[in-house]
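Engineer: First the structure, which I've put down as structure tokens, then a few questions once you've had a look.
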Amino acid sequence: MSRNALRALELEGLIMHYQLQDAAMKTDLGEETRSKILKRARIVGQRVYYYKTADRLMPLARKAILQADSNGTDLPSGCVWCAGSLAQARGRMGRSWWAPEGGLYLCLALYPSLFHENWSFYNLGAGVAIAQVLIEMGVSSKIRWINDILIRGRKVAGVLSETVRAPRSGQTYLLFGIGINVNVEAFPRDLAQATSLYIATGRHWPIRQLAARVLARIGWIFGLIHQWESDCLDMGSVCLPRNPVLDGWNLLSDTPGHRVIYGLDADLAPEFEALARGIAPDGGLRLVLDSGEEIKVNSGEIRYIET
């Protein structure tokens, strides 16, 4: 067995370990509910592909989806691609993402089973999962809408999401590209707003264990949001349960109260300035314009205006 295959198997085992650990920690849930959430959580990471280096991971996931579709099958939901470094990483709007050795680079392929109107909670939930894990490991971090993870105002992690539709089966997949600056010791001058866990803490971090914890928590949060949706259907319109992703985001985000620049590309094509009011029930961001009008945006990005 190749070294890459062995690392993939090791990561699969670690993910399963942390999934069970997450479930064991939730003593406030009934055994039946916890079992349902864990069953859905364990979809994430059931198959892992590891590369010492790759150009990008999302194209590998798309290729696997299309190959399975051409063979008359579906790619199993929850497959993960992991690399030690990326040569041609891209972020939002096709921006280059510096992805040297020492970072954590993942792609998760999921076919969504939430109602379409709730898909945004997958995206928000991935950011909540990363922030939760970092805080539990002793690193104070915050979420900037939608799911940028900041340490003392500098970006340490981000999540890029894409939709892929298999042409033959019509199955829709959500791809989540995750980048976390872990043991990167310095950044180029043009990345002055970036940081890493090493820079923030002064110590090196075990990357595979961090990957497993993040993926396990993503699975758990996805399980929670599915349980929430199921509970909402059972209860109808009376006394709906609280949304666990929105609760987690509100607890961990420092966006509300910030004056921000908004745009589909906030760096190169900023559209307007506004005051961030908070998050809407559908995951959109509520913004107050200088005119006093409140609007809601469901896509795009923000940058904080330093005052």
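In the structure tokens, chains take the letters A, B, ... in the order shown, each chain's residues start at 1, and ligands count up from 1 in the order shown.
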Just want the 9 Å neighbourhood of Asp290 of chain A, counted on only C-alpha atoms, with same-chain residues fewer than 4 positions away dropped. Output as a list in words.

Structural biologist: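 Within the cut-off, the hits are Glu273, Ala274 and Leu275 of chain A.
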
Engineer: Would you mind exporting N, CA and C atoms of the selected residues as an mmCIF file, in the first residue's frame?

Structural biologist:
data_model
loop_
_atom_site.group_PDB
_atom_site.id
_atom_site.type_symbol
_atom_site.label_atom_id
_atom_site.label_comp_id
_atom_site.auth_asym_id
_atom_site.auth_seq_id
_atom_site.Cartn_x
_atom_site.Cartn_y
_atom_site.Cartn_z
ATOM 1 N N GLU A 273 -20.632 50.698 1.436
ATOM 2 C CA GLU A 273 -20.325 50.550 2.845
ATOM 3 C C GLU A 273 -21.633 50.473 3.628
ATOM 4 N N ALA A 274 -21.583 49.779 4.747
ATOM 5 C CA ALA A 274 -22.796 49.636 5.555
ATOM 6 C C ALA A 274 -22.403 49.208 6.966
ATOM 7 N N LEU A 275 -23.388 49.225 7.846
ATOM 8 C CA LEU A 275 -23.214 48.703 9.197
ATOM 9 C C LEU A 275 -23.837 47.314 9.251
#

Engineer: If you run DSSP on this backbone, which residues of segment 51-300 of chain A come out as helix (DSSP H, G or I), and could you give them as a VMD selection string?

Structural biologist: chain A and resid 58 to 70 92 to 94 116 to 118 120 to 136 189 to 191 197 to 201 207 to 235 244 to 252

Engineer: Nearest to Pro281 of chain A: which of A:Gln88, A:Thr163, A:Asn118, A:Ser169 is it, counting only C-alpha atoms?

Structural biologist: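 With only C-alpha atoms as the atom set, the closest residue is A:Asn118.
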
Engineer: May I ask which of the residues A:Arg303, A:Arg208, A:Arg165, A:Arg90 is the closest one to Ile178 of chain A, counting only C-alpha atoms?

Structural biologist: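 Comparing A:Arg303, A:Arg208, A:Arg165, A:Arg90 against Ile178 of chain A, the winner is A:Arg90.
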
Engineer: Residues within 6 Å of Thr53 of chain A, please, as a PyMOL selection string. Count only C-alpha atoms; anything in the same chain fewer than 3 positions from it doesn't count.

Structural biologist: chain A and resi 83-86

Engineer: Excluding same-chain residues fewer than 3 positions from Ser70 of chain A, what lies within 12 Å of it counting only C-alpha atoms, as a list in words?

Structural biologist: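 Within the cut-off, the hits are Lys63, Ala64, Ile65, Leu66, Gln67, Thr73, Asp74, Leu75, Ala166, Pro167, Arg168, Ser169 and Gly170 of chain A.
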
Engineer: Limited to C-alpha atoms, could you put the picked residues into a file as a JSON list (two decimals), in the first residue's frame?

Structural biologist:
[["chain", "number", "residue", "atom", "x", "y", "z"],
["A", 63, "LYS", "CA", -13.68, 14.73, -11.95],
["A", 64, "ALA", "CA", -14.64, 11.93, -9.54],
["A", 65, "ILE", "CA", -18.30, 13.01, -9.62],
["A", 66, "LEU", "CA", -18.40, 13.09, -13.41],
["A", 67, "GLN", "CA", -16.53, 9.78, -13.71],
["A", 73, "THR", "CA", -23.32, 5.46, -10.34],
["A", 74, "ASP", "CA", -23.17, 8.25, -7.78],
["A", 75, "LEU", "CA", -20.08, 9.31, -5.92],
["A", 166, "ALA", "CA", -23.96, 15.28, -12.56],
["A", 167, "PRO", "CA", -25.30, 15.43, -16.15],
["A", 168, "ARG", "CA", -26.72, 11.90, -16.42],
["A", 169, "SER", "CA", -28.26, 11.36, -13.01],
["A", 170, "GLY", "CA", -29.08, 15.01, -12.30]]

Engineer: So how many Å separate atom CA of Gly153 of chain A and atom CA of Arg217 of chain A, to one decimal?

Structural biologist: 23.5 Å

Engineer: When you look at segment 104-109 of chain A with a cut-off of 7 Å (counting only C-alpha atoms), what residues show up, excluding the ones that are within fewer than 5 positions of it in the same chain? I need them as an NGL selection string.

Structural biologist: :A and (57-58 or 61 or 77-84 or 173-182 or 207 or 211)

Engineer: For Ile43 of chain A, which residue among A:Phe115, A:Trp228, A:Phe222, A:Phe121 is the nearest when counting only C-alpha atoms?

Structural biologist: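 Smallest distance to Ile43 of chain A is found for A:Phe222.
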
Engineer: Using DSSP on the backbone coordinates, identify the residues of segment 47-191 of chain A assigned to strand (DSSP E or B); present them as a VMD selection string.

Structural biologist: chain A and resid 48 to 51 54 79 to 83 86 90 96 101 103 to 110 142 to 144 148 to 151 154 to 165 172 to 180

Engineer: From the set A:Ala87, A:Ile225, A:Ala5, A:Ile146, which residue has the shortest atom-to-atom contact distance to Gly278 of chain A, counting only C-alpha atoms?

Structural biologist: A:Ile146

Engineer: Rank A:Ile151, A:Val214, A:Ala89, A:Leu160 by their smallest atom-to-atom distance to Ile130 of chain A, using only C-alpha atoms, and report the top residue only.

Structural biologist: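 Residue with the minimum atom-to-atom distance to Ile130 of chain A: A:Val214.
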
Engineer: Within 12 Å of segment 192-202 of chain A, which residues of segment 82-121 of chain A come that close, and what is the closest atom pair and distance in Å for each? Count only C-alpha atoms and give it as a tab-separated table.

Structural biologist:
residue	atom	partner	partner_atom	distance
A:Trp97	CA	A:Ala194	CA	10.8
A:Trp98	CA	A:Ala194	CA	10.2
A:Ala99	CA	A:Ser196	CA	11.7
A:Pro100	CA	A:Ser196	CA	11.9
A:Gly102	CA	A:Tyr198	CA	9.6
A:Gly103	CA	A:Ser196	CA	8.5
A:Leu104	CA	A:Ser196	CA	10.7

Engineer: Could the residues in this selection be saved with C-alpha atoms as a tab-separated table (two decimals), in the first residue's frame?

Structural biologist:
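Ended up saving to part.tsv:
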chain	number	residue	atom	x	y	z
A	97	TRP	CA	-4.57	31.14	-2.48
A	98	TRP	CA	-1.02	30.63	-1.25
A	99	ALA	CA	-1.04	26.99	-0.11
A	100	PRO	CA	2.47	25.88	0.87
A	102	GLY	CA	2.43	23.36	6.50
A	103	GLY	CA	-1.18	24.21	5.75
A	104	LEU	CA	-4.31	22.09	5.83

Engineer: Measure the distance from atom CA of Leu29 of chain A to atom CA of Ala131 of chain A in Å and round it to one decimal.

Structural biologist: 22.0 Å

Engineer: Segment 261-265 of chain A: which residues within 9 Å, counting only C-alpha atoms, same-chain residues fewer than 6 positions away excluded, as a PDB file with N, CA and C atoms, in the first residue's frame?

Structural biologist:
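Listing of around_31.pdb after writing:
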ATOM      1  N   ARG A  92     -12.196  32.592  -3.515  1.00  0.00           N
ATOM      2  CA  ARG A  92     -13.344  33.212  -4.171  1.00  0.00           C
ATOM      3  C   ARG A  92     -12.887  34.096  -5.322  1.00  0.00           C
ATOM      4  N   MET A  93     -13.750  34.197  -6.345  1.00  0.00           N
ATOM      5  CA  MET A  93     -13.520  35.032  -7.516  1.00  0.00           C
ATOM      6  C   MET A  93     -12.225  34.665  -8.240  1.00  0.00           C
ATOM      7  N   GLU A 271     -18.866  47.456  -3.509  1.00  0.00           N
ATOM      8  CA  GLU A 271     -20.115  48.048  -3.990  1.00  0.00           C
ATOM      9  C   GLU A 271     -20.640  49.143  -3.067  1.00  0.00           C
ATOM     10  N   PHE A 272     -20.541  48.945  -1.750  1.00  0.00           N
ATOM     11  CA  PHE A 272     -21.010  49.980  -0.838  1.00  0.00           C
ATOM     12  C   PHE A 272     -20.507  49.681   0.566  1.00  0.00           C
ATOM     13  N   GLU A 273     -20.632  50.698   1.436  1.00  0.00           N
ATOM     14  CA  GLU A 273     -20.325  50.550   2.845  1.00  0.00           C
ATOM     15  C   GLU A 273     -21.633  50.473   3.628  1.00  0.00           C
ATOM     16  N   ALA A 274     -21.583  49.779   4.747  1.00  0.00           N
ATOM     17  CA  ALA A 274     -22.796  49.636   5.555  1.00  0.00           C
ATOM     18  C   ALA A 274     -22.403  49.208   6.966  1.00  0.00           C
ATOM     19  N   LEU A 275     -23.388  49.225   7.846  1.00  0.00           N
ATOM     20  CA  LEU A 275     -23.214  48.703   9.197  1.00  0.00           C
ATOM     21  C   LEU A 275     -23.837  47.314   9.251  1.00  0.00           C
ATOM     22  N   SER A 299     -25.195  36.435  -0.654  1.00  0.00           N
ATOM     23  CA  SER A 299     -23.945  36.003  -1.277  1.00  0.00           C
ATOM     24  C   SER A 299     -22.998  37.190  -1.285  1.00  0.00           C
ATOM     25  N   GLY A 300     -21.795  36.971  -1.763  1.00  0.00           N
ATOM     26  CA  GLY A 300     -20.797  38.023  -1.735  1.00  0.00           C
ATOM     27  C   GLY A 300     -19.920  37.920  -0.500  1.00  0.00           C
ATOM     28  N   GLU A 301     -19.250  39.015  -0.170  1.00  0.00           N
ATOM     29  CA  GLU A 301     -18.313  38.998   0.948  1.00  0.00           C
ATOM     30  C   GLU A 301     -18.191  40.391   1.531  1.00  0.00           C
ATOM     31  N   ILE A 302     -17.637  40.437   2.723  1.00  0.00           N
ATOM     32  CA  ILE A 302     -17.432  41.730   3.398  1.00  0.00           C
ATOM     33  C   ILE A 302     -15.992  41.841   3.870  1.00  0.00           C
ATOM     34  N   ARG A 303     -15.597  43.082   4.064  1.00  0.00           N
ATOM     35  CA  ARG A 303     -14.337  43.395   4.714  1.00  0.00           C
ATOM     36  C   ARG A 303     -14.630  44.407   5.799  1.00  0.00           C
ATOM     37  N   TYR A 304     -14.009  44.259   6.946  1.00  0.00           N
ATOM     38  CA  TYR A 304     -14.232  45.202   8.035  1.00  0.00           C
ATOM     39  C   TYR A 304     -13.499  46.516   7.740  1.00  0.00           C
ATOM     40  N   ILE A 305     -14.138  47.617   8.085  1.00  0.00           N
ATOM     41  CA  ILE A 305     -13.511  48.932   7.996  1.00  0.00           C
ATOM     42  C   ILE A 305     -12.960  49.266   9.357  1.00  0.00           C
TER      43      ILE A 305
END

Engineer: Would you please work out which residue, of A:Arg286, A:Lys52, A:Arg154, A:Arg213, is nearest to Gly13 of chain A when using only C-alpha atoms?

Structural biologist: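 Result for the nearest residue to Gly13 of chain A: A:Arg213.
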
Engineer: Which neighbours of Gln209 of chain A fall inside 12 Å, counting only C-alpha atoms, when residues of the same chain fewer than 4 positions from it are skipped, and could you give them as a ChimeraX atom specification?

Structural biologist: /A:7,10-18,104,133-134,137,182,205,213-216
